[in-house]
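Scroll down for the structure; my scribbles are underneath it.
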Amino acid sequence: MFPSFLPVPRIPSETSVPVLRWGIIGPGWIAEHFARALKEHTGQHLVAVSGRNRVKAQAFAERWAIPSVFSNPDEMLAVDGLDAIYIATPHNHHFPDGMKVLSAGKHVLIEKPLALNAREGAALQALAREKSLLCMEGMWCDFTPKYDVLRQLLADGVLGDLHTLTADHGEFFTQDHRIFNADLAGGPMLDLGSYLVSLSVMVAGAPVRVQSSGQPAQGNVNGQASMLFEHASGMHSVLNTTLFSNTPGGAVIAGRDATLVLAGQFYAPGGFVLTSSQGNHSLFWEEPANRYTQLYHEIQHFSWCVGQGLNDSPVRPLSTSLMTLTAMDKVRGQLGIVFNEERGNV
């Protein structure tokens with residue numbers, strides 16, 4: 001039966017979120033958004049930053065009033081007074097940096113993707129369990145109110161039997177962008193495609209069959225990937241990611257009873273429309289398109305998990321991150337995409 005109203009997003013209360021002392025490894029573009037969200041929308045404390053370029057790290061620290069600056073993450077991790085570390089380094093550094101943080105006894109939030117592949121992700125999971133520490137992937141959209149409402153609709157079966165998910169994520173990049181750099185695990189899969197695969201896995205679980213087609217780009221990286229996933233439920237996910245062009249970036253989740261349309265970019269703050277298959281009924285989710293401001297939701301959730309003594313996130317457990325990485329590994333295997341760090345290990 002089509003609902004008369006949308007669910008209310010479930011957000012932890014401020015009183016249930018402890019104040020953690022945070023450090024950042026990698027003071028780049030996404031770390032700027034993270035620091036702003038933390039400083040302006042949470043009560044968390046940002047107390048240290050580490051970057052290979054000392055001048056850049058110092059400038060970052062001055063912008064965000066961070067008292068301690070390091071040019072080596074090992075030095076930062078050796079000091080007392082740090083509870084959690086946010087890793088915002090290039091993709092191919094996520095795994096080694098994450099292992100360092102866990103080995104140093106700190107909780108770690110790793111910017112998506114968690115690692116280059118499922119093998120690395122499983123090693124992070126194993127060490128986090130051994131150390132009884134929280135390791136979480138910063139797939140920021142999963143922690144936003146919009147995605148919580150979406151999960152509730154799916155759990156309630158409002159859409160009926162699911163048959164089709166379509167989604168795209170394409171952006172135009174100039175040739176000097178790191179996404180064209182094979183030494184930094186370039187190509188659209190980890191930057192853009194991870195959102196597509198993650199949504200598909202969230203909606204219908206791991207794919208049981210994967211078919212892929214790709215197109216190369218300059219710099220010895222993949223430039224475009226189209227994916228067809230078949231899931232155990234029978235649902236098909238039709239996904240495309242490209243670094244050649246800007247695409248609408250929308251997503252559609254179509255069930256027998258209703259269809260949910262997320263306007264582009266589907267993973268970012270914004271609206272969606274739920275429409276019944278019969279009777280012409282619609283419900284609308286509306287929120288400010290305030291983009292990376294909503295990074296604060298993942299910060300609050302991570303801190304809440306620490307306060308609850310959890311070593312895995314109930315919203316995005318590492319098992320979900322590993323399912324996403326495994327699906328991307330299958331796509332890359334079919335397309336012949338091998339990252340430099342994997343050569344000799346695959």
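We name chains A, B, ... following the order of the structure tokens; residues begin at 1 in each chain, and ligands are numbered from 1 as shown.
If you count only C-alpha atoms and ignore residues fewer than 3 places along the chain from A:Thr15, what sits within 12 Å of it is Ile11, Pro12, Pro18, Val19, Thr42, Gly43, Gln300, Ser303, Trp304 and Gly307 of chain A.
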Practice prompt. Determine which residues of stretch 77-222 of chain A receive a DSSP assignment of alpha helix (DSSP H), computed from the backbone, and state them as number ranges by chain.
Written response: A: 77, 91-103, 118-131, 145-155, 188, 194-204
Item to complete: Could you please determine the separation between atom CA of A:Val69 and atom CA of A:Ile110 in Å, to one decimal place?
Response: 19.6 Å
Worksheet item: For the atom pair atom CA of A:Asn181 and atom CA of A:Val221, what is the interatomic distance in Å to one decimal place?
Response: 7.2 Å
Worksheet item: Which is closer to A:Leu239 than all the others in A:Leu77, A:Ala268, A:Ala123, A:Met227, using only C-alpha atoms?
Response: A:Met227
Item to complete: Tell me, as number ranges by chain, which residues lie within 7 Å of A:Val238, counting only C-alpha atoms; anything in the same chain fewer than 5 positions away does not count.
Response: A: 165-167, 227-229
Discussion item. Taking 4 positions as the minimum chain separation for residues in the same chain, which residues sit within 12 Å of A:Phe339 when counting only C-alpha atoms? Answer as a list in words.
Written reply: His91, Asn92, Ala115, Leu116, Asn117, Asn181, Ala182, Asp183, Leu184, Ala185, Gly186, Gly187, Met189, Leu190, Asn220, Val221, Asn222, Asp329, Arg332, Gly333, Arg343, Gly344, Asn345 and Val346 of chain A
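The nearest approach to A:Pro314 among the residues A:Met136, A:Leu127, A:Leu82, A:Ala48, with only C-alpha atoms taken into account, belongs to A:Met136.
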Item to complete: Go through stretch 7-178 of chain A and collect every residue that DSSP, computed from the backbone, puts in strand (DSSP E); the answer should be as a count of residues only.
Response: 36
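Nearest-residue note for A:Asp161: choosing from A:Ala122, A:Ser71, A:Thr259, A:Val252, the minimum distance belongs to A:Thr259, counting only C-alpha atoms.
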Discussion item. Quick one: residues within 8 Å of A:Pro7, only C-alpha atoms, excluding same-chain residues fewer than 4 positions away - as a ChimeraX atom specification?
Written reply: /A:149,152-153
Write the residues you've just listed into a file as a PDB file, in the first residue's frame, and include all heavy atoms for each of them.
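Once written, part-v3.pdb looks like this:
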ATOM      1  N   VAL A 149      16.189   7.847   4.813  1.00  0.00           N
ATOM      2  CA  VAL A 149      14.790   7.730   4.380  1.00  0.00           C
ATOM      3  C   VAL A 149      14.672   6.678   3.283  1.00  0.00           C
ATOM      4  O   VAL A 149      13.760   5.847   3.281  1.00  0.00           O
ATOM      5  CB  VAL A 149      14.263   9.098   3.898  1.00  0.00           C
ATOM      6  CG1 VAL A 149      12.871   8.947   3.283  1.00  0.00           C
ATOM      7  CG2 VAL A 149      14.222  10.095   5.053  1.00  0.00           C
ATOM      8  N   GLN A 152      14.800   3.221   4.756  1.00  0.00           N
ATOM      9  CA  GLN A 152      13.546   2.871   5.426  1.00  0.00           C
ATOM     10  C   GLN A 152      12.466   2.483   4.423  1.00  0.00           C
ATOM     11  O   GLN A 152      11.703   1.531   4.652  1.00  0.00           O
ATOM     12  CB  GLN A 152      13.081   4.036   6.292  1.00  0.00           C
ATOM     13  CG  GLN A 152      13.963   4.305   7.508  1.00  0.00           C
ATOM     14  CD  GLN A 152      13.386   5.397   8.399  1.00  0.00           C
ATOM     15  OE1 GLN A 152      12.317   5.227   8.995  1.00  0.00           O
ATOM     16  NE2 GLN A 152      14.084   6.526   8.484  1.00  0.00           N
ATOM     17  N   LEU A 153      12.385   3.197   3.312  1.00  0.00           N
ATOM     18  CA  LEU A 153      11.404   2.852   2.282  1.00  0.00           C
ATOM     19  C   LEU A 153      11.672   1.459   1.725  1.00  0.00           C
ATOM     20  O   LEU A 153      10.744   0.679   1.497  1.00  0.00           O
ATOM     21  CB  LEU A 153      11.443   3.892   1.161  1.00  0.00           C
ATOM     22  CG  LEU A 153      10.917   5.290   1.511  1.00  0.00           C
ATOM     23  CD1 LEU A 153      11.234   6.270   0.391  1.00  0.00           C
ATOM     24  CD2 LEU A 153       9.406   5.244   1.777  1.00  0.00           C
TER      25      LEU A 153
END
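Reported to one decimal place, the separation of atom CA of A:Gly234 from atom CA of A:Met323 is 17.6 Å.
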Practice prompt. Could you give me, as a VMD selection string, the residues within 10 Å of A:Asp168, counting only C-alpha atoms and dropping anything in the same chain fewer than 6 positions from it?
Written response: chain A and resid 192 to 193 195 to 196 226 238 to 242 247 to 252 264 to 266
Selection export as a short mmCIF file (atom, residue, chain, number, x, y, z; two decimals), in the first residue's frame, atoms kept: N, CA and C atoms:
data_model
loop_
_atom_site.label_atom_id
_atom_site.label_comp_id
_atom_site.auth_asym_id
_atom_site.auth_seq_id
_atom_site.Cartn_x
_atom_site.Cartn_y
_atom_site.Cartn_z
N LEU A 192 34.14 7.86 -9.04
CA LEU A 192 32.76 8.05 -9.42
C LEU A 192 31.95 6.76 -9.36
N GLY A 193 32.52 5.70 -9.93
CA GLY A 193 31.80 4.44 -10.00
C GLY A 193 31.48 3.83 -8.66
N TYR A 195 30.22 5.19 -6.13
CA TYR A 195 28.88 5.61 -5.71
C TYR A 195 27.80 4.74 -6.36
N LEU A 196 27.99 4.44 -7.63
CA LEU A 196 27.03 3.62 -8.36
C LEU A 196 26.94 2.21 -7.78
N SER A 226 30.71 0.65 -18.32
CA SER A 226 29.28 0.38 -18.25
C SER A 226 29.10 -1.00 -17.66
N VAL A 238 21.75 -1.22 -13.93
CA VAL A 238 22.38 -0.76 -15.16
C VAL A 238 23.12 0.54 -14.82
N LEU A 239 24.46 0.48 -14.86
CA LEU A 239 25.29 1.55 -14.31
C LEU A 239 26.31 2.01 -15.33
N ASN A 240 26.57 3.31 -15.37
CA ASN A 240 27.62 3.85 -16.25
C ASN A 240 28.38 4.94 -15.52
N THR A 241 29.70 4.90 -15.68
CA THR A 241 30.55 5.97 -15.14
C THR A 241 31.58 6.36 -16.19
N THR A 242 31.86 7.66 -16.28
CA THR A 242 32.80 8.14 -17.29
C THR A 242 33.51 9.38 -16.79
N THR A 247 27.45 14.02 -17.07
CA THR A 247 26.17 13.35 -17.31
C THR A 247 25.18 13.79 -16.23
N PRO A 248 23.89 13.52 -16.43
CA PRO A 248 22.90 14.00 -15.45
C PRO A 248 23.15 13.52 -14.03
N GLY A 249 23.66 12.29 -13.88
CA GLY A 249 24.00 11.80 -12.55
C GLY A 249 22.80 11.39 -11.72
N GLY A 250 21.72 11.04 -12.38
CA GLY A 250 20.53 10.62 -11.63
C GLY A 250 20.48 9.13 -11.41
N ALA A 251 19.50 8.70 -10.63
CA ALA A 251 19.29 7.27 -10.38
C ALA A 251 17.80 7.00 -10.28
N VAL A 252 17.41 5.81 -10.70
CA VAL A 252 16.02 5.36 -10.62
C VAL A 252 16.00 3.98 -10.00
N GLY A 264 19.87 14.09 -10.33
CA GLY A 264 21.33 14.16 -10.23
C GLY A 264 21.79 15.32 -9.38
N GLN A 265 22.92 15.16 -8.74
CA GLN A 265 23.64 13.90 -8.61
C GLN A 265 23.03 13.10 -7.46
N PHE A 266 22.73 11.84 -7.75
CA PHE A 266 21.88 11.05 -6.87
C PHE A 266 22.45 10.90 -5.47
#
Worksheet item: Hey, what's within 7 Å of A:Val49 if we count only C-alpha atoms and toss same-chain stuff fewer than 6 positions away? As an NGL selection string, please?
Response: :A and (23-25 or 57 or 61 or 68-70)
With N, CA and C atoms retained, could you export that selection as a PDB file, in the first residue's frame?
ATOM      1  N   GLY A  23      42.497  13.771  14.129  1.00  0.00           N
ATOM      2  CA  GLY A  23      43.622  14.141  13.294  1.00  0.00           C
ATOM      3  C   GLY A  23      43.285  13.837  11.844  1.00  0.00           C
ATOM      4  N   ILE A  24      43.914  14.537  10.928  1.00  0.00           N
ATOM      5  CA  ILE A  24      43.702  14.323   9.497  1.00  0.00           C
ATOM      6  C   ILE A  24      45.031  13.961   8.844  1.00  0.00           C
ATOM      7  N   ILE A  25      45.005  12.927   8.006  1.00  0.00           N
ATOM      8  CA  ILE A  25      46.150  12.605   7.158  1.00  0.00           C
ATOM      9  C   ILE A  25      45.763  12.938   5.722  1.00  0.00           C
ATOM     10  N   ALA A  57      50.488  21.739   4.716  1.00  0.00           N
ATOM     11  CA  ALA A  57      49.861  21.294   5.955  1.00  0.00           C
ATOM     12  C   ALA A  57      49.747  22.435   6.956  1.00  0.00           C
ATOM     13  N   ALA A  61      46.365  23.976   8.565  1.00  0.00           N
ATOM     14  CA  ALA A  61      46.195  24.103  10.018  1.00  0.00           C
ATOM     15  C   ALA A  61      45.797  25.519  10.410  1.00  0.00           C
ATOM     16  N   SER A  68      48.358  21.301  16.016  1.00  0.00           N
ATOM     17  CA  SER A  68      49.551  20.483  15.777  1.00  0.00           C
ATOM     18  C   SER A  68      49.661  20.104  14.308  1.00  0.00           C
ATOM     19  N   VAL A  69      50.872  20.305  13.749  1.00  0.00           N
ATOM     20  CA  VAL A  69      51.121  20.035  12.339  1.00  0.00           C
ATOM     21  C   VAL A  69      52.302  19.072  12.211  1.00  0.00           C
ATOM     22  N   PHE A  70      52.163  18.067  11.324  1.00  0.00           N
ATOM     23  CA  PHE A  70      53.222  17.087  11.122  1.00  0.00           C
ATOM     24  C   PHE A  70      53.423  16.878   9.619  1.00  0.00           C
TER      25      PHE A  70
END
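Counting only C-alpha atoms and comparing A:Glu298, A:Asp97, A:Glu120, A:Glu230, the residue that lies closest to A:Leu325 is A:Glu120.
Across A:Ser313, A:Thr144, A:Ser194, A:Ser212, the tightest approach to A:Gln294 is made by A:Thr144 when counting only C-alpha atoms.
With only C-alpha atoms as the atoms that count, the residue of A:Lys56, A:His177, A:Arg316, A:Lys100 with the shortest distance to A:Met202 is A:Arg316.
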